[in-house]
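Visitor: First the structure, which I've put down as structure tokens, then a few questions once you've had a look.
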Amino acid sequence: MFNDWESLFAAVVAVLFFGSFVLGMIWNTRKGNALVRWLRDGLPLVGERSTMHWIGTSVVEMRIAKAKPPFRSAETLVALEPRDIVFFWAYTRWRGRRDVLIFRAQLHTAPSFELHVFDPRAWTARELARRVRDKGWTRLEMGTRSLVGYAANADAATAQALLAQVERAGGTVVRLSVQRAVPNLHVHWLLPDPKQVSAHAWFSNLRQMGEQLTHE
């Protein structure tokens, strides 16, 4: 069937590439859809109507244009590893990329202080780590895991209290940002296990934090 070994090798590579693409796409699609079903148990606490769409095969976006107070608008993203491109997946995983759940929101009233708490090893925080050092903000001693913090008009106790609040329902936070610019609240978690974490409790804690920030 093949004229030479080079043709056979090329055919095998092509089959493996397209096979891994299909398997990776199916894996991400099933994982993303399972997370969407889980999130819908808590989304009504933020807003009644949300729109959902896939961005490629690695990101699911759920956006609420008219959110409930204290939020003006909000969106939740499930950012998955690029499992459909196996070589790129291997490279990004080696660089520290993992499945991440992201919540971003605009508050009705901008907070009176700003802070960033993050794990510098997290792939979603690398750009933030570079930017925040140039602002000349106060370095915070977080005293937990490998997180570092920087703030303007806020102290370490405030940052630690907010971090404890967003982790209360479960999950590991790799970034927590409170800022006057939109989005006012920006939180990243390593993807939680839906069997271990309640989406209702997760969004309830976020809503309580939003209320606290608007009354600071």
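Within each chain, counting starts at residue 1; across the structure tokens, chains are named A, B, ... in the order shown, with ligands numbered 1 upward in that order.
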From range 4-213 of chain A, collect each residue whose DSSP state is strand (DSSP E or B) and return the set as a VMD selection string.
Guide: chain A and resid 51 to 55 59 to 64 71 to 79 100 to 107 114 to 118 138 to 140 148 to 152 172 to 178 185 to 190
Visitor: Can you pull out every residue within 6 Å of range 54-63 of chain A, counting only C-alpha atoms, but drop anything in the same chain fewer than 2 positions away, and send it as a list in words?
Guide: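 The residues that qualify are Ser50, Thr51, Met52, Glu75, Thr76, Leu77, Val78, Ala79, Leu80 and Pro82 of chain A.
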Visitor: Let's have the selection written as a PDB file, in the first residue's frame, with N, CA and C atoms.
Guide:
ATOM      1  N   SER A  50     -28.071  33.843  31.991  1.00  0.00           N
ATOM      2  CA  SER A  50     -26.675  33.819  31.564  1.00  0.00           C
ATOM      3  C   SER A  50     -26.592  33.255  30.153  1.00  0.00           C
ATOM      4  N   THR A  51     -25.625  33.735  29.405  1.00  0.00           N
ATOM      5  CA  THR A  51     -25.374  33.197  28.072  1.00  0.00           C
ATOM      6  C   THR A  51     -24.090  32.389  28.110  1.00  0.00           C
ATOM      7  N   MET A  52     -24.090  31.269  27.416  1.00  0.00           N
ATOM      8  CA  MET A  52     -22.930  30.391  27.430  1.00  0.00           C
ATOM      9  C   MET A  52     -22.458  30.130  26.013  1.00  0.00           C
ATOM     10  N   GLU A  75     -19.050  37.377  34.860  1.00  0.00           N
ATOM     11  CA  GLU A  75     -18.836  36.259  33.947  1.00  0.00           C
ATOM     12  C   GLU A  75     -17.980  35.209  34.639  1.00  0.00           C
ATOM     13  N   THR A  76     -18.252  33.978  34.287  1.00  0.00           N
ATOM     14  CA  THR A  76     -17.496  32.847  34.803  1.00  0.00           C
ATOM     15  C   THR A  76     -16.919  32.096  33.608  1.00  0.00           C
ATOM     16  N   LEU A  77     -15.641  31.749  33.698  1.00  0.00           N
ATOM     17  CA  LEU A  77     -14.995  31.015  32.621  1.00  0.00           C
ATOM     18  C   LEU A  77     -14.387  29.729  33.155  1.00  0.00           C
ATOM     19  N   VAL A  78     -14.550  28.665  32.400  1.00  0.00           N
ATOM     20  CA  VAL A  78     -13.850  27.415  32.656  1.00  0.00           C
ATOM     21  C   VAL A  78     -12.735  27.333  31.619  1.00  0.00           C
ATOM     22  N   ALA A  79     -11.495  27.537  32.054  1.00  0.00           N
ATOM     23  CA  ALA A  79     -10.341  27.527  31.151  1.00  0.00           C
ATOM     24  C   ALA A  79      -9.613  26.198  31.306  1.00  0.00           C
ATOM     25  N   LEU A  80      -9.742  25.338  30.303  1.00  0.00           N
ATOM     26  CA  LEU A  80      -9.188  23.992  30.355  1.00  0.00           C
ATOM     27  C   LEU A  80      -7.834  23.918  29.653  1.00  0.00           C
ATOM     28  N   PRO A  82      -5.215  22.671  26.914  1.00  0.00           N
ATOM     29  CA  PRO A  82      -5.450  22.417  25.483  1.00  0.00           C
ATOM     30  C   PRO A  82      -5.185  20.966  25.106  1.00  0.00           C
TER      31      PRO A  82
END
Visitor: Which residue, A:Leu213, A:Ala199, A:Leu190, A:Ile26, has the smallest gap to Leu45 in chain A when you use only C-alpha atoms?
Guide: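 Checking each candidate against Leu45 in chain A, we get A:Ala199 as the closest.
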Visitor: Using only C-alpha atoms, which of the listed residues (A:Ser112, A:Gln106, A:Ser146, A:Gln160) sits closest to Ala65 in chain A?
Guide: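 Of the candidates, the smallest distance to Ala65 in chain A is held by A:Gln106.
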Visitor: Fewer than 5 positions away in the same chain doesn't count, so skip those; otherwise give me all residues within 8 Å of range 113-126 of chain A, counting only C-alpha atoms, as a list in words.
Guide: Arg95, Gly96, Arg97, Arg98, Val132, Ser146, Leu147, Val148, Gly149, Tyr150, Ala151, Ala152, Asn153, Ala154, Ala159, Val173, Val174, Arg175, Leu176, Ser177, Val178, Gln179 and Arg180 of chain A
Visitor: Pick out the closest residue to Trp38 in chain A from this set: A:Gly143, A:Pro192, A:Pro183, A:Gly170. Count only C-alpha atoms.
Guide: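 Going through A:Gly143, A:Pro192, A:Pro183, A:Gly170 one by one, the smallest distance to Trp38 in chain A is for A:Pro192.
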Visitor: Just checking: using only C-alpha atoms, which residue out of A:Leu35, A:Ala164, A:Ala105, A:Val46 ends up closest to Ser73 in chain A?
Guide: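 Closest residue, counting only C-alpha atoms: A:Ala105.
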Visitor: Any chance you could list, as an MDAnalysis selection string, the residues in chain A that come up alpha helix (DSSP H) when DSSP is run on the backbone?
Guide: chainID A and resid 5:39 86:94 126:133 156:167 199:214
Visitor: Measuring between only C-alpha atoms, which one of A:Arg133, A:Gly210, A:Trp202, A:Glu127 shows the shortest distance to Ala67 in chain A?
Guide: A:Gly210
Visitor: In Å, how far is it from CA of Leu162 in chain A to CA of Val187 in chain A?
Guide: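 For CA of Leu162 in chain A relative to CA of Val187 in chain A, the distance reads 10.8 Å.
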Visitor: Just want the 7 Å neighbourhood of Leu191 in chain A, counted on only C-alpha atoms, with same-chain residues fewer than 4 positions away dropped. Output as a ChimeraX atom specification.
Guide: /A:99-101
Visitor: Smallest atom-to-atom distance to Trp27 in chain A: which of A:Arg131, A:Arg40, A:Lys68, A:Arg83, using only C-alpha atoms?
Guide: A:Arg83
